[in-house]
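Dropping target_14.txt in here (compact mmCIF, C-alpha atoms):
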```txt
# COMPACT_ATOMS: atom_id res chain seq x y z
CA MET A 1 9.52 -55.82 -29.94
CA VAL A 2 5.97 -54.64 -30.49
CA ARG A 3 5.70 -51.48 -32.56
CA PRO A 4 2.71 -49.14 -32.13
CA MET A 5 0.07 -49.29 -34.82
CA ARG A 6 0.43 -46.63 -37.51
CA ARG A 7 -2.89 -44.85 -37.47
CA HIS A 8 -3.82 -41.23 -38.20
CA TRP A 9 -4.90 -40.77 -34.59
CA ARG A 10 -1.59 -41.93 -33.22
CA GLN A 11 0.84 -39.26 -32.08
CA GLN A 12 3.62 -40.69 -34.26
CA SER A 13 1.66 -39.85 -37.41
CA TRP A 14 0.66 -36.27 -36.58
CA PRO A 15 2.17 -33.73 -38.97
CA MET A 16 4.11 -30.86 -37.39
CA VAL A 17 2.05 -27.97 -38.72
CA TYR A 18 1.99 -25.69 -35.63
CA ASN A 19 5.02 -23.48 -35.27
CA PRO A 20 4.86 -21.36 -32.09
CA LEU A 21 6.18 -17.81 -32.04
CA TYR A 22 9.19 -18.58 -29.91
CA ALA A 23 10.46 -21.08 -32.51
CA HIS A 24 11.38 -18.23 -34.88
CA GLY A 25 14.21 -15.83 -34.24
CA ARG A 26 12.90 -12.70 -35.99
CA PRO A 27 9.47 -12.44 -34.33
CA LEU A 28 11.05 -13.06 -30.94
CA THR A 29 13.67 -10.37 -31.53
CA ALA A 30 11.01 -7.90 -32.65
CA LEU A 31 8.92 -8.66 -29.55
CA LEU A 32 11.87 -8.14 -27.22
CA VAL A 33 12.80 -4.86 -28.92
CA ALA A 34 9.20 -3.62 -28.65
CA LEU A 35 9.08 -4.49 -24.95
CA ALA A 36 12.43 -2.80 -24.36
CA VAL A 37 11.23 0.40 -26.05
CA ALA A 38 7.95 0.38 -24.09
CA PHE A 39 9.60 -0.12 -20.71
CA SER A 40 12.33 2.42 -21.52
CA SER A 41 9.66 5.01 -22.33
CA VAL A 42 7.85 4.35 -19.06
CA ALA A 43 11.15 4.57 -17.13
CA ALA A 44 11.98 7.87 -18.85
CA ILE A 45 8.59 9.33 -17.91
CA PHE A 46 8.88 8.33 -14.27
CA GLY A 47 12.50 9.47 -14.21
CA GLY A 48 11.43 12.90 -15.43
CA TYR A 49 8.87 13.18 -12.65
CA ASP A 50 11.44 12.04 -10.08
CA ARG A 51 14.02 14.61 -11.21
CA GLY A 52 11.41 17.32 -10.89
CA ILE A 53 10.87 16.58 -7.18
CA VAL A 54 12.85 18.74 -4.78
CA ALA A 55 13.20 17.14 -1.34
CA THR A 56 14.61 18.61 1.85
CA LYS A 57 16.63 16.72 4.42
CA ALA A 58 14.56 14.45 6.66
CA ILE A 59 14.01 15.57 10.26
CA THR A 60 14.29 12.80 12.84
CA TYR A 61 12.21 13.50 15.93
CA HIS A 62 11.24 10.05 17.27
CA CYS A 63 13.79 7.26 17.50
CA ALA A 64 14.68 4.21 19.53
CA GLY A 65 18.16 5.39 20.54
CA SER A 66 19.31 8.02 23.01
CA ASP A 67 19.84 10.88 20.54
CA CYS A 68 16.17 11.84 20.09
CA ARG A 69 14.80 15.31 19.53
CA CYS A 70 11.32 14.55 20.83
CA ALA A 71 10.23 12.12 23.53
CA LEU A 72 7.50 9.60 22.85
CA ASN A 73 3.92 10.57 23.76
CA SER A 74 4.82 14.23 24.09
CA THR A 75 4.41 17.55 22.29
CA CYS A 76 7.59 19.22 21.14
CA THR A 77 8.74 22.07 18.91
CA ILE A 78 11.41 21.50 16.28
CA LEU A 79 13.03 24.36 14.40
CA PHE A 80 14.23 23.68 10.85
CA ASP A 81 15.32 25.69 7.84
CA VAL A 82 14.28 25.08 4.26
CA ASP A 83 17.55 25.71 2.42
CA VAL A 84 16.25 25.03 -1.10
CA ALA A 85 13.56 26.62 -3.22
CA LEU A 86 10.46 24.43 -3.26
CA PRO A 87 8.21 24.87 -6.28
CA GLY A 88 4.55 24.25 -5.56
CA PRO A 89 2.72 22.21 -4.68
CA VAL A 90 4.68 21.43 -1.50
CA MET A 91 3.93 18.12 0.22
CA LEU A 92 4.73 17.21 3.83
CA MET A 93 5.65 13.53 4.22
CA TYR A 94 6.19 11.33 7.26
CA GLU A 95 8.68 8.49 7.29
CA LEU A 96 8.74 5.24 9.26
CA GLN A 97 11.41 2.58 9.61
CA PRO A 98 11.53 -0.30 10.21
CA PHE A 99 7.82 -1.07 9.89
CA TYR A 100 6.83 -4.12 7.86
CA GLN A 101 3.48 -2.92 6.56
CA ASN A 102 3.56 -5.53 3.79
CA ASN A 103 3.41 -8.43 6.23
CA ARG A 104 1.03 -11.04 4.86
CA ARG A 105 -1.20 -11.08 7.92
CA PHE A 106 -1.05 -7.35 8.63
CA VAL A 107 -1.77 -6.08 5.13
CA LYS A 108 -5.08 -7.94 4.81
CA SER A 109 -6.32 -7.31 8.34
CA TRP A 110 -9.02 -4.68 7.73
CA SER A 111 -12.55 -4.68 6.32
CA PHE A 112 -13.42 -2.59 3.28
CA LYS A 113 -17.10 -3.42 3.77
CA GLN A 114 -17.05 -2.13 7.32
CA LEU A 115 -15.44 1.19 6.35
CA THR A 116 -17.78 1.93 3.46
CA THR A 117 -21.21 1.03 4.84
CA SER A 118 -23.24 2.58 7.62
CA ALA A 119 -24.94 -0.72 8.42
CA THR A 120 -24.03 -2.54 11.61
CA LEU A 121 -22.06 -5.65 10.68
CA THR A 122 -21.88 -8.76 12.81
CA TYR A 123 -18.78 -10.59 14.00
CA GLY A 124 -19.17 -13.28 11.34
CA GLN A 125 -19.43 -10.75 8.50
CA VAL A 126 -15.99 -9.25 9.17
CA GLU A 127 -14.20 -12.12 10.89
CA ASP A 128 -12.27 -13.28 7.82
CA ASP A 129 -11.29 -9.74 6.78
CA CYS A 130 -10.18 -8.53 10.21
CA TYR A 131 -8.40 -11.67 11.43
CA PRO A 132 -6.56 -11.85 13.80
CA HIS A 133 -8.10 -8.82 15.55
CA THR A 134 -11.87 -8.67 15.17
CA ASN A 135 -12.44 -7.47 18.73
CA LEU A 136 -10.39 -7.36 21.91
CA HIS A 137 -10.46 -11.09 22.63
CA ASN A 138 -11.85 -12.30 19.29
CA ASP A 139 -15.07 -13.21 21.05
CA PRO A 140 -17.72 -14.24 18.46
CA HIS A 141 -20.48 -13.40 20.95
CA LYS A 142 -19.49 -9.72 21.00
CA PRO A 143 -19.73 -7.18 18.16
CA PRO A 144 -16.60 -6.37 16.16
CA GLU A 145 -14.57 -3.27 16.84
CA VAL A 146 -15.05 -0.31 14.51
CA PRO A 147 -12.75 -0.36 12.69
CA CYS A 148 -11.43 -3.87 13.15
CA GLY A 149 -8.16 -5.40 11.98
CA LEU A 150 -4.48 -4.91 12.71
CA ALA A 151 -3.91 -2.37 9.94
CA ALA A 152 -6.91 -0.26 10.93
CA ARG A 153 -6.11 -0.29 14.66
CA SER A 154 -2.42 0.61 14.33
CA TYR A 155 -2.74 3.81 12.31
CA PHE A 156 -0.18 6.63 12.34
CA ASN A 157 -1.38 9.20 14.91
CA ASP A 158 1.39 11.81 15.04
CA ARG A 159 0.20 15.36 14.27
CA PHE A 160 2.14 18.20 12.68
CA HIS A 161 1.52 21.95 12.83
CA LEU A 162 3.73 24.20 10.73
CA VAL A 163 4.48 27.72 11.95
CA ALA A 164 6.26 30.37 9.89
CA PRO A 165 9.14 32.45 11.37
CA ASP A 166 6.73 35.36 11.95
CA GLY A 167 4.50 33.16 14.09
CA SER A 168 1.70 32.70 11.56
CA GLY A 169 0.36 29.23 10.94
CA VAL A 170 0.91 27.37 7.67
CA ALA A 171 -2.25 25.61 6.53
CA LEU A 172 -1.99 21.97 5.47
CA SER A 173 -4.43 20.65 2.88
CA LYS A 174 -5.45 17.02 2.49
CA VAL A 175 -6.59 17.54 -1.11
CA GLY A 176 -4.94 15.22 -3.62
CA ILE A 177 -3.83 12.56 -1.13
CA ILE A 178 -6.63 10.09 -1.90
CA ARG A 179 -8.74 9.27 -4.93
CA ASP A 180 -12.47 9.77 -5.25
CA THR A 181 -13.04 6.01 -5.06
CA GLU A 182 -11.36 5.82 -1.63
CA ARG A 183 -14.03 7.68 0.30
CA PHE A 184 -14.46 5.87 3.58
CA LEU A 185 -17.15 6.92 6.04
CA SER A 186 -15.76 9.26 8.69
CA SER A 187 -18.03 7.61 11.26
CA ARG A 188 -16.14 4.34 10.73
CA LEU A 189 -12.73 5.77 11.51
CA PRO A 190 -10.96 5.22 14.86
CA ASP A 191 -12.09 7.43 17.72
CA ASP A 192 -9.60 10.22 17.06
CA PRO A 193 -10.97 13.73 16.37
CA LEU A 194 -7.78 14.77 14.57
CA LEU A 195 -7.74 11.80 12.21
CA THR A 196 -9.06 12.54 8.72
CA VAL A 197 -10.21 10.16 6.01
CA ALA A 198 -7.17 11.10 3.91
CA ASP A 199 -4.80 10.20 6.76
CA PHE A 200 -6.51 6.88 7.33
CA VAL A 201 -6.70 5.88 3.66
CA GLY A 202 -3.05 6.79 3.16
CA TRP A 203 -2.09 4.58 6.09
CA LEU A 204 -4.03 1.59 4.75
CA ARG A 205 -2.13 1.69 1.47
CA PRO A 206 0.55 -0.95 2.07
CA ALA A 207 4.17 0.01 1.64
CA ALA A 208 6.40 -2.44 -0.21
CA LEU A 209 9.48 -1.87 1.94
CA PRO A 210 9.99 -1.47 5.71
CA HIS A 211 11.45 2.02 5.12
CA PHE A 212 8.70 4.15 3.57
CA ARG A 213 7.19 7.62 3.33
CA LYS A 214 3.56 8.64 3.15
CA ALA A 215 1.86 11.94 2.38
CA TYR A 216 0.57 13.95 5.34
CA GLY A 217 -0.61 17.18 3.73
```

Before we go any further, please render this structure as structure tokens.
Amino acid sequence: MVRPMRRHWRQQSWPMVYNPLYAHGRPLTALLVALAVAFSSVAAIFGGYDRGIVATKAITYHCAGSDCRCALNSTCTILFDVDVALPGPVMLMYELQPFYQNNRRFVKSWSFKQLTTSATLTYGQVEDDCYPHTNLHNDPHKPPEVPCGLAARSYFNDRFHLVAPDGSGVALSKVGIIRDTERFLSSRLPDDPLLTVADFVGWLRPAALPHFRKAYG
């Protein structure tokens, strides 16, 4: 049997002088306690905000079954009562299910560069971002659609108008829905005169679950 040579540069002769943190019980316990306190504090803060939200019962108006209150591609009037006191500010939300907005191909299929610049971009400049829908037939010899991409072309286009019992209209504000850094050019939005930048930006924010709500106004 041939034994390895005993040299200082051999692994067998290295002294064990490095003791990592996880080898000691007390530092590890202190770290876990600190993390538990930090996450508990964050959970308590978010829980306080959640308890302060007063939500009314959802109103179903479009559905796939037979018991629908509003037909597709139509304008309808739905009467509803707000049976709880709603402290301001009051937010109107829309809800979709099942819609898998977090699909790997869908969630990346839009071009930030195209929505934030007034320059005319070529097919090759947005092809990777907008795949698999750069234009109608993905023809590289034709210009890309504006906007291009699955997420940008399949935006939520339902419109809501609130009317009080006395017949007066209730104004809806889009302030506070988006951040200042999410200012897309209105000229780059889909050809829909009722679509606002806030509506479009809110739609492009991917939802984690197939059952989700987004702010409308």

Exercise. Which is closest to Phe106 of chain A among A:Gly124, A:Gly149, A:Pro140, A:Gly167, if we use only C-alpha atoms?
Worked result: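 Once distances to Phe106 of chain A are computed over only C-alpha atoms, the minimum belongs to A:Gly149.
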
Taking the point (11.0, 20.8, -10.8) as given in the file, collect each protein or nucleic acid residue that comes within 12 Å of it, counting all atoms listed in the file, and present the set as a compact mmCIF listing (two decimals) with C-alpha atoms, keeping the file's coordinate frame.
```txt
# COMPACT_ATOMS: atom_id res chain seq x y z
CA GLY A 47 12.50 9.47 -14.21
CA GLY A 48 11.43 12.90 -15.43
CA TYR A 49 8.87 13.18 -12.65
CA ASP A 50 11.44 12.04 -10.08
CA ARG A 51 14.02 14.61 -11.21
CA GLY A 52 11.41 17.32 -10.89
CA ILE A 53 10.87 16.58 -7.18
CA VAL A 54 12.85 18.74 -4.78
CA ALA A 55 13.20 17.14 -1.34
CA VAL A 84 16.25 25.03 -1.10
CA ALA A 85 13.56 26.62 -3.22
CA LEU A 86 10.46 24.43 -3.26
CA PRO A 87 8.21 24.87 -6.28
CA GLY A 88 4.55 24.25 -5.56
CA PRO A 89 2.72 22.21 -4.68
CA VAL A 90 4.68 21.43 -1.50
```

For this session: Show me as a list in words the residues that reach within 7 Å of (-10.0, -9.4, 6.7), counting all atoms listed in the file and using the file's own coordinates.
Result: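 Residues with an atom close enough to that point: Lys108, Ser109, Trp110, Ser111, Val126, Glu127, Asp128, Asp129, Cys130, Tyr131 and Gly149 of chain A.
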
Next, dump the selected residues to file, keeping only C-alpha atoms, as a short mmCIF file (atom, residue, chain, number, x, y, z; two decimals), keeping the file's coordinate frame.
```
data_model
loop_
_atom_site.label_atom_id
_atom_site.label_comp_id
_atom_site.auth_asym_id
_atom_site.auth_seq_id
_atom_site.Cartn_x
_atom_site.Cartn_y
_atom_site.Cartn_z
CA LYS A 108 -5.08 -7.94 4.81
CA SER A 109 -6.32 -7.31 8.34
CA TRP A 110 -9.02 -4.68 7.73
CA SER A 111 -12.55 -4.68 6.32
CA VAL A 126 -15.99 -9.25 9.17
CA GLU A 127 -14.20 -12.12 10.89
CA ASP A 128 -12.27 -13.28 7.82
CA ASP A 129 -11.29 -9.74 6.78
CA CYS A 130 -10.18 -8.53 10.21
CA TYR A 131 -8.40 -11.67 11.43
CA GLY A 149 -8.16 -5.40 11.98
#
```

Neighbour list for Ile78 of chain A as a compact mmCIF listing (two decimals) with C-alpha atoms, in the frame of the given file, cut-off 8 Å, only C-alpha atoms, skip fewer than 2 positions in-chain:
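Resulting contents of selection.txt:
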```txt
# COMPACT_ATOMS: atom_id res chain seq x y z
CA ARG A 69 14.80 15.31 19.53
CA CYS A 76 7.59 19.22 21.14
CA PHE A 80 14.23 23.68 10.85
```

Seminar exercise, completed: One residue among A:Leu92, A:Ala44, A:Leu194, A:Cys148 is nearest to Gln114 of chain A when using only C-alpha atoms, and that residue is A:Cys148

Problem set entry | Of the listed residues A:Leu28, A:Leu150, A:Leu162, A:Ala38, that which approaches Leu136 of chain A most closely, counting all atoms listed in the file | A:Leu150

Problem set entry | Pairwise distance for atom CA of Asn73 of chain A and atom CA of Val163 of chain A, rounded to one decimal in Å | 20.8 Å
